[in-house]
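Text of final-v7.cif (mmCIF, C-alpha atoms) as supplied:
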```
data_protein
#
loop_
_atom_site.label_atom_id
_atom_site.label_comp_id
_atom_site.auth_asym_id
_atom_site.auth_seq_id
_atom_site.Cartn_x
_atom_site.Cartn_y
_atom_site.Cartn_z
CA MET A 226 30.47 7.87 -0.82
CA THR A 227 27.75 10.29 0.18
CA PRO A 228 25.07 9.17 2.66
CA LEU A 229 22.43 9.39 -0.08
CA ALA A 230 24.40 6.99 -2.27
CA GLY A 231 24.74 4.60 0.69
CA CYS A 232 21.00 4.64 1.28
CA LEU A 233 20.29 4.07 -2.39
CA LEU A 234 22.76 1.17 -2.55
CA VAL A 235 21.20 -0.47 0.51
CA SER A 236 17.73 -0.06 -0.95
CA SER A 237 18.76 -1.47 -4.34
CA MET A 238 20.32 -4.45 -2.54
CA LEU A 239 17.03 -4.99 -0.67
CA PHE A 240 15.16 -4.74 -3.97
CA ALA A 241 17.47 -7.30 -5.60
CA ILE A 242 17.07 -9.72 -2.66
CA GLY A 243 13.29 -9.39 -2.82
CA LEU A 244 13.32 -9.86 -6.60
CA ALA A 245 15.52 -12.95 -6.37
CA GLY A 246 13.21 -14.43 -3.74
CA ALA A 247 10.06 -13.64 -5.70
CA LEU A 248 11.56 -15.23 -8.83
CA THR A 249 13.10 -18.36 -7.32
CA ARG A 250 10.92 -19.43 -4.40
CA ARG A 251 8.13 -21.86 -5.17
CA ASN A 252 5.83 -20.96 -2.27
CA THR A 253 3.16 -18.32 -2.85
CA ILE A 254 3.58 -16.86 0.65
CA LEU A 255 7.30 -16.39 0.10
CA VAL A 256 6.69 -14.75 -3.27
CA LEU A 257 4.44 -12.27 -1.45
CA VAL A 258 7.20 -11.75 1.13
CA GLY A 259 9.61 -10.91 -1.68
CA ILE A 260 7.15 -8.36 -3.07
CA GLU A 261 6.84 -6.80 0.39
CA LEU A 262 10.64 -6.49 0.56
CA MET A 263 10.68 -4.73 -2.82
CA LEU A 264 7.99 -2.29 -1.62
CA ASN A 265 10.07 -1.58 1.48
CA ALA A 266 13.11 -0.87 -0.68
CA ALA A 267 11.12 1.72 -2.61
CA ASN A 268 9.94 3.23 0.67
CA LEU A 269 13.53 3.51 1.89
CA ASN A 270 14.25 5.51 -1.27
CA PHE A 271 11.46 7.96 -0.45
CA VAL A 272 12.91 8.55 3.01
CA ALA A 273 16.48 8.85 1.68
CA PHE A 274 15.52 11.47 -0.90
CA TRP A 275 13.43 13.33 1.68
CA ARG A 276 16.40 13.41 4.04
CA PHE A 277 19.21 14.27 1.63
CA GLY A 278 17.64 15.66 -1.52
CA PRO A 279 15.96 18.94 -2.31
CA HIS A 280 12.30 18.94 -1.34
CA SER A 281 9.38 21.30 -1.66
CA GLY A 282 8.17 21.03 1.92
CA PRO A 283 9.58 19.63 5.15
CA SER A 284 7.03 16.82 5.45
CA THR A 285 6.37 15.74 1.84
CA GLY A 286 8.60 12.65 1.90
CA ILE A 287 7.22 11.44 5.22
CA ILE A 288 3.62 11.75 4.02
CA PHE A 289 4.43 9.94 0.77
CA GLY A 290 6.05 7.17 2.80
CA LEU A 291 3.00 6.92 5.05
CA PHE A 292 0.69 6.52 2.06
CA SER A 293 3.05 3.95 0.59
CA ILE A 294 2.96 1.93 3.84
CA GLY A 295 -0.85 2.08 3.77
CA VAL A 296 -1.02 0.79 0.20
CA ALA A 297 1.45 -2.00 1.04
CA ALA A 298 -0.67 -3.03 4.04
CA ALA A 299 -3.81 -3.24 1.88
CA GLU A 300 -1.88 -5.22 -0.74
CA ALA A 301 -0.60 -7.70 1.86
CA ALA A 302 -4.07 -8.23 3.34
CA VAL A 303 -5.70 -8.91 -0.04
CA GLY A 304 -2.78 -11.05 -1.24
CA LEU A 305 -2.82 -13.26 1.85
CA ALA A 306 -6.61 -13.62 1.60
CA LEU A 307 -6.21 -14.73 -2.02
CA ILE A 308 -3.56 -17.27 -0.98
CA LEU A 309 -5.98 -18.65 1.61
CA ALA A 310 -8.81 -18.86 -0.93
CA VAL A 311 -6.59 -20.66 -3.45
CA TYR A 312 -5.36 -23.01 -0.73
CA ARG A 313 -8.95 -23.95 0.14
CA HIS A 314 -9.63 -24.95 -3.45
CA THR A 315 -6.38 -26.72 -4.35
CA LYS A 316 -4.91 -27.73 -0.94
CA THR A 317 -1.49 -26.52 -1.98
CA THR A 318 0.59 -23.34 -1.88
CA ASP A 319 3.20 -24.65 -4.32
CA LEU A 320 3.41 -22.41 -7.37
CA SER A 321 4.62 -25.09 -9.79
CA GLN A 322 1.67 -27.30 -8.84
CA LEU A 323 -0.75 -24.39 -9.13
CA ASN A 324 0.63 -23.45 -12.54
CA GLY A 325 -1.66 -24.74 -15.27
CA ARG A 326 -4.61 -25.37 -12.99
CA GLY A 327 -7.83 -23.44 -13.08
CA GLN A 328 -8.78 -23.78 -16.71
CA MET B 204 28.04 7.48 6.50
CA SER B 205 28.04 6.48 10.13
CA ALA B 206 28.86 3.10 11.62
CA LEU B 207 25.34 2.93 13.04
CA PHE B 208 23.87 3.21 9.56
CA LEU B 209 26.12 0.39 8.33
CA ILE B 210 25.15 -1.87 11.25
CA LEU B 211 21.42 -1.24 10.75
CA ALA B 212 21.73 -1.80 7.01
CA ALA B 213 23.59 -5.06 7.66
CA VAL B 214 20.82 -6.21 10.02
CA ALA B 215 18.10 -5.36 7.49
CA LEU B 216 19.94 -7.02 4.60
CA ALA B 217 20.78 -10.13 6.65
CA GLY B 218 17.14 -10.42 7.71
CA ALA B 219 15.99 -10.07 4.11
CA CYS B 220 18.50 -12.70 2.90
CA ALA B 221 17.41 -15.09 5.65
CA ALA B 222 13.73 -14.50 4.86
CA MET B 223 14.35 -15.47 1.25
CA MET B 224 16.72 -18.39 1.80
CA LEU B 225 15.65 -20.30 4.92
CA ARG B 226 13.82 -23.61 4.52
CA GLY B 227 11.17 -23.38 7.23
CA LEU B 228 8.30 -21.03 6.49
CA VAL B 229 7.94 -19.83 10.07
CA HIS B 230 11.66 -19.08 10.21
CA CYS B 231 11.22 -17.05 7.02
CA ALA B 232 8.42 -15.03 8.63
CA LEU B 233 10.51 -14.32 11.74
CA ALA B 234 13.51 -13.29 9.63
CA LEU B 235 11.15 -11.04 7.69
CA ALA B 236 10.15 -9.37 10.98
CA VAL B 237 13.85 -8.76 11.70
CA ALA B 238 14.30 -7.22 8.25
CA PHE B 239 11.28 -4.94 8.72
CA ALA B 240 12.54 -3.88 12.16
CA GLY B 241 15.95 -3.13 10.64
CA ILE B 242 14.36 -0.97 7.95
CA GLY B 243 12.31 0.83 10.62
CA ALA B 244 15.51 1.49 12.57
CA LEU B 245 17.05 2.86 9.36
CA TYR B 246 14.13 5.31 9.11
CA LEU B 247 14.78 6.36 12.71
CA ASN B 248 18.47 6.77 11.90
CA LEU B 249 17.58 8.98 8.94
CA GLY B 250 15.51 11.25 11.16
CA ALA B 251 12.02 10.10 10.17
CA GLN B 252 10.82 9.18 13.65
CA PHE B 253 7.11 8.99 12.91
CA LEU B 254 7.61 6.87 9.80
CA GLY B 255 9.99 4.53 11.65
CA LEU B 256 7.48 3.89 14.39
CA ALA B 257 4.67 3.51 11.85
CA GLN B 258 6.84 0.96 10.02
CA LEU B 259 7.35 -0.97 13.27
CA LEU B 260 3.62 -0.91 14.05
CA VAL B 261 2.36 -1.79 10.59
CA TYR B 262 5.01 -4.22 9.36
CA VAL B 263 6.40 -5.92 12.46
CA GLY B 264 3.16 -5.67 14.39
CA ALA B 265 0.62 -6.45 11.70
CA ILE B 266 1.98 -7.80 8.42
CA ALA B 267 4.56 -10.22 9.87
CA VAL B 268 1.94 -11.60 12.28
CA LEU B 269 -0.56 -11.87 9.41
CA ILE B 270 1.98 -13.85 7.39
CA VAL B 271 2.57 -16.18 10.36
CA PHE B 272 -1.21 -16.67 10.60
CA VAL B 273 -1.47 -17.59 6.92
CA ILE B 274 1.51 -19.96 7.21
CA LEU B 275 -0.17 -21.74 10.09
CA LEU B 276 -3.55 -21.82 8.32
CA THR B 277 -1.96 -23.43 5.24
CA ARG B 278 -0.04 -25.89 7.39
CA GLY B 279 -1.35 -28.94 5.52
CA ALA B 280 0.60 -27.93 2.44
CA ASP B 281 3.88 -28.56 4.26
CA SER B 282 3.40 -32.31 4.35
CA ALA B 283 4.03 -32.61 0.63
CA PRO B 284 7.62 -31.68 -0.16
CA LEU B 285 7.94 -28.52 -2.18
CA SER B 286 8.98 -29.18 -5.73
CA PRO B 287 12.50 -27.87 -6.31
CA ALA B 288 12.85 -24.47 -7.86
CA ALA B 289 12.70 -24.89 -11.60
CA ARG B 290 15.21 -22.25 -12.60
CA PRO B 291 16.86 -20.77 -9.51
CA ILE B 292 19.88 -19.69 -11.53
CA THR B 293 17.76 -17.58 -13.88
CA GLY B 294 16.12 -15.70 -11.03
CA ILE B 295 19.40 -15.03 -9.27
CA VAL B 296 21.04 -13.87 -12.50
CA VAL B 297 18.13 -11.52 -13.24
CA ALA B 298 18.21 -10.09 -9.70
CA THR B 299 21.99 -9.63 -9.83
CA ALA B 300 21.70 -7.88 -13.18
CA VAL B 301 19.01 -5.56 -11.80
CA PHE B 302 21.20 -4.77 -8.79
CA GLY B 303 24.17 -4.15 -11.07
CA VAL B 304 22.24 -1.68 -13.21
CA LEU B 305 20.83 0.12 -10.14
CA ALA B 306 24.22 0.33 -8.43
CA TRP B 307 25.87 1.57 -11.64
CA ALA B 308 23.20 4.26 -11.97
CA VAL B 309 23.58 5.28 -8.31
CA VAL B 310 27.38 5.48 -8.44
CA HIS B 311 27.51 7.34 -11.75
CA SER B 312 24.68 9.76 -11.04
CA GLY B 313 25.78 13.34 -10.54
CA ALA B 314 22.56 14.36 -8.85
CA ILE B 315 23.32 12.48 -5.66
CA ARG B 316 26.50 14.38 -4.83
CA SER B 317 24.51 16.67 -2.60
CA PRO B 318 26.28 18.12 0.44
CA GLU B 319 25.45 16.90 3.91
CA GLN B 320 22.53 18.84 5.29
CA PRO B 321 20.55 18.71 8.52
CA ALA B 322 17.34 16.70 8.59
CA PRO B 323 14.25 18.73 7.73
CA PRO B 324 12.48 19.54 10.99
CA VAL B 325 9.21 17.60 11.09
CA THR B 326 7.16 17.32 14.25
CA VAL B 327 4.18 15.01 14.64
CA ARG B 328 2.05 18.12 15.04
CA GLN B 329 3.28 19.39 11.67
CA LEU B 330 2.48 16.01 10.09
CA GLY B 331 -1.03 16.04 11.55
CA VAL B 332 -1.68 19.58 10.34
CA ASP B 333 -0.47 18.61 6.85
CA LEU B 334 -2.52 15.40 6.74
CA MET B 335 -5.67 17.23 7.83
CA GLY B 336 -4.91 20.24 5.65
CA GLY B 337 -3.34 19.95 2.22
CA TYR B 338 -3.35 16.16 2.07
CA VAL B 339 -6.85 15.55 3.38
CA PHE B 340 -8.20 14.22 0.07
CA PRO B 341 -5.45 11.58 -0.36
CA LEU B 342 -5.98 10.68 3.30
CA GLU B 343 -9.69 10.08 2.72
CA VAL B 344 -8.96 8.05 -0.42
CA MET B 345 -6.48 5.99 1.60
CA GLY B 346 -9.07 5.35 4.30
CA LEU B 347 -11.62 4.28 1.69
CA MET B 348 -9.06 2.00 0.04
CA LEU B 349 -8.14 0.36 3.35
CA THR B 350 -11.83 -0.22 4.11
CA VAL B 351 -12.41 -1.77 0.68
CA ALA B 352 -9.29 -3.94 1.06
CA LEU B 353 -10.43 -5.12 4.49
CA ILE B 354 -13.94 -6.04 3.32
CA GLY B 355 -12.57 -7.61 0.13
CA ALA B 356 -10.03 -9.68 2.07
CA VAL B 357 -12.74 -10.97 4.41
CA ILE B 358 -15.04 -11.84 1.50
CA VAL B 359 -12.28 -13.57 -0.49
CA ALA B 360 -11.05 -15.59 2.48
CA MET B 361 -14.54 -16.44 3.77
CA LYS B 362 -15.53 -20.10 3.63
CA GLU B 363 -17.96 -20.71 0.79
CA LYS B 364 -21.24 -22.22 1.90
CA GLN B 365 -22.33 -25.43 0.23
CA GLY B 366 -24.39 -24.78 -2.87
CA THR B 367 -23.61 -21.09 -3.19
CA GLN B 368 -21.09 -19.82 -5.66
#
```
Show how you would write the structure in this file as structure tokens.
Amino acid sequence: MTPLAGCLLVSSMLFAIGLAGALTRRNTILVLVGIELMLNAANLNFVAFWRFGPHSGPSTGIIFGLFSIGVAAAEAAVGLALILAVYRHTKTTDLSQLNGRGQ
Amino acid sequence: MSALFLILAAVALAGACAAMMLRGLVHCALALAVAFAGIGALYLNLGAQFLGLAQLLVYVGAIAVLIVFVILLTRGADSAPLSPAARPITGIVVATAVFGVLAWAVVHSGAIRSPEQPAPPVTVRQLGVDLMGGYVFPLEVMGLMLTVALIGAVIVAMKEKQGTQ
């Protein structure tokens, strides 16, 4: 197995773990954690293709990964703020109790 | 594929599994920090030093701590037992199917049979020149987006005053 295939397999495993968590857990914070893991798996793919694949410039993959980390940080900040705001209104972070509220 | 890569990948995957399966929320956040650190070490192993350290700073230093903060701020929700997952089997089956398709595509792809090559030489100086040169517009957009996200997060999470909507 080539190193690139190893990296891609690890990152798809990370993606599957994050997806399983986001689909099965009933806590909004843990769903956000699963989404963060999926974003990290995509980021690992950027680095793997930068390292082992053909690229147009020596630093393109790194810069794409940096921007991806920045977007993920903004997403986490807004998501956690939303969880806090919802918790203030409903006093719960349980998704199945939140489901159907708010009409 | 070196033994070091396998060890780091095992650490990252074990941390991710623990973050998704543990019962206590704080334990989940700490396992998540381990997973992020493992992924950062994988970046270092792949030769992306700057990105690995940025991953450590941003994820382990900021996002994991932010998640711990939110867990502690929503502490009152822990008193009520969480309702059991409605369809855990469905989620696991879907995730396994997604992994199966991805792994099949990776193994059967001809494009990934590239020969081993040295890591592209990237210094921090080169990265800085690129960010301030060809990528300066995306950098500015990123700065604007982070500012907007910060202000938006503060406004969303701010306590509403009585009588104002």
- Message: Calculated over all atoms listed in the file, which of the candidates B:Val351, B:Val327, B:Leu260, B:Pro291 has the smallest distance to chain A?
- Response: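 Ranking B:Val351, B:Val327, B:Leu260, B:Pro291 by distance to chain A, first place goes to B:Pro291.
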Tell me, counting only C-alpha atoms, for each residue of segment 284-323 of chain A within 7 Å of segment 235-254 of chain A, which pair of atoms is nearest and how far apart they are in Å to one decimal, in rows ordered by chain and increasing number, as CSV.
```
residue,atom,partner,partner_atom,distance
A:Thr318,CA,A:Thr253,CA,5.7
A:Asp319,CA,A:Asn252,CA,5.0
A:Leu320,CA,A:Arg251,CA,5.2
A:Ser321,CA,A:Arg251,CA,6.6
```
- Item | atom CA of Leu330 of chain B to atom CA of Ala251 of chain B, distance in Å rounded to a single decimal | 11.2 Å
- Message: Using the chain letters and numbers from this file, what does the PyMOL selection byres ((chain B) within 6 of (chain A)) select? Give the answer as a list in words.
- Response: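 After applying the PyMOL selection byres ((chain B) within 6 of (chain A)), what remains is Met204, Met223, Ala280, Pro291, Gly294, Ile295, Ala298, Phe302, Ala322, Pro323, Leu349, Ala352, Ala356 and Ala360 of chain B.
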- For atom CA of Leu259 of chain B and atom CA of Met361 of chain B, quote the distance in Å rounded to one decimal.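 These atoms are spaced 28.4 Å apart.
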Please evaluate the PyMOL selection byres ((chain B and resi 248) around 12) against the structure above and give the resulting residues as a CSV table (one decimal) with C-alpha atoms, keeping the file's coordinate frame.
```csv
chain,number,residue,atom,x,y,z
A,228,PRO,CA,25.1,9.2,2.7
A,232,CYS,CA,21.0,4.6,1.3
A,269,LEU,CA,13.5,3.5,1.9
A,272,VAL,CA,12.9,8.6,3.0
A,273,ALA,CA,16.5,8.8,1.7
A,276,ARG,CA,16.4,13.4,4.0
B,204,MET,CA,28.0,7.5,6.5
B,205,SER,CA,28.0,6.5,10.1
B,206,ALA,CA,28.9,3.1,11.6
B,207,LEU,CA,25.3,2.9,13.0
B,208,PHE,CA,23.9,3.2,9.6
B,209,LEU,CA,26.1,0.4,8.3
B,210,ILE,CA,25.2,-1.9,11.2
B,211,LEU,CA,21.4,-1.2,10.8
B,212,ALA,CA,21.7,-1.8,7.0
B,241,GLY,CA,16.0,-3.1,10.6
B,242,ILE,CA,14.4,-1.0,8.0
B,243,GLY,CA,12.3,0.8,10.6
B,244,ALA,CA,15.5,1.5,12.6
B,245,LEU,CA,17.0,2.9,9.4
B,246,TYR,CA,14.1,5.3,9.1
B,247,LEU,CA,14.8,6.4,12.7
B,249,LEU,CA,17.6,9.0,8.9
B,250,GLY,CA,15.5,11.2,11.2
B,251,ALA,CA,12.0,10.1,10.2
B,252,GLN,CA,10.8,9.2,13.6
B,253,PHE,CA,7.1,9.0,12.9
B,254,LEU,CA,7.6,6.9,9.8
B,255,GLY,CA,10.0,4.5,11.6
B,256,LEU,CA,7.5,3.9,14.4
B,322,ALA,CA,17.3,16.7,8.6
```
- Task: Work out how far atom CA of Ala308 of chain B is from atom CA of Tyr262 of chain B, in Å to one decimal.
- Result: 29.3 Å
For a quick check of your reading of the model, name the residues lying within 9 Å of the coordinate (0.4, -17.9, 7.5), counting all atoms listed in the file, and write them as a short mmCIF file (atom, residue, chain, number, x, y, z; two decimals) with C-alpha atoms, keeping the file's coordinate frame.
```
data_model
loop_
_atom_site.label_atom_id
_atom_site.label_comp_id
_atom_site.auth_asym_id
_atom_site.auth_seq_id
_atom_site.Cartn_x
_atom_site.Cartn_y
_atom_site.Cartn_z
CA ILE A 254 3.58 -16.86 0.65
CA LEU A 305 -2.82 -13.26 1.85
CA LEU A 309 -5.98 -18.65 1.61
CA LEU B 228 8.30 -21.03 6.49
CA VAL B 229 7.94 -19.83 10.07
CA ALA B 232 8.42 -15.03 8.63
CA VAL B 268 1.94 -11.60 12.28
CA LEU B 269 -0.56 -11.87 9.41
CA ILE B 270 1.98 -13.85 7.39
CA VAL B 271 2.57 -16.18 10.36
CA PHE B 272 -1.21 -16.67 10.60
CA VAL B 273 -1.47 -17.59 6.92
CA ILE B 274 1.51 -19.96 7.21
CA LEU B 275 -0.17 -21.74 10.09
CA LEU B 276 -3.55 -21.82 8.32
CA THR B 277 -1.96 -23.43 5.24
CA ARG B 278 -0.04 -25.89 7.39
#
```
- Spatial neighbours of Gly218 of chain B, max dist 9 Å, all atoms listed in the file, sep filter under 4 positions, as a ChimeraX atom specification: /B:213-214,222-223,231,233-239,241
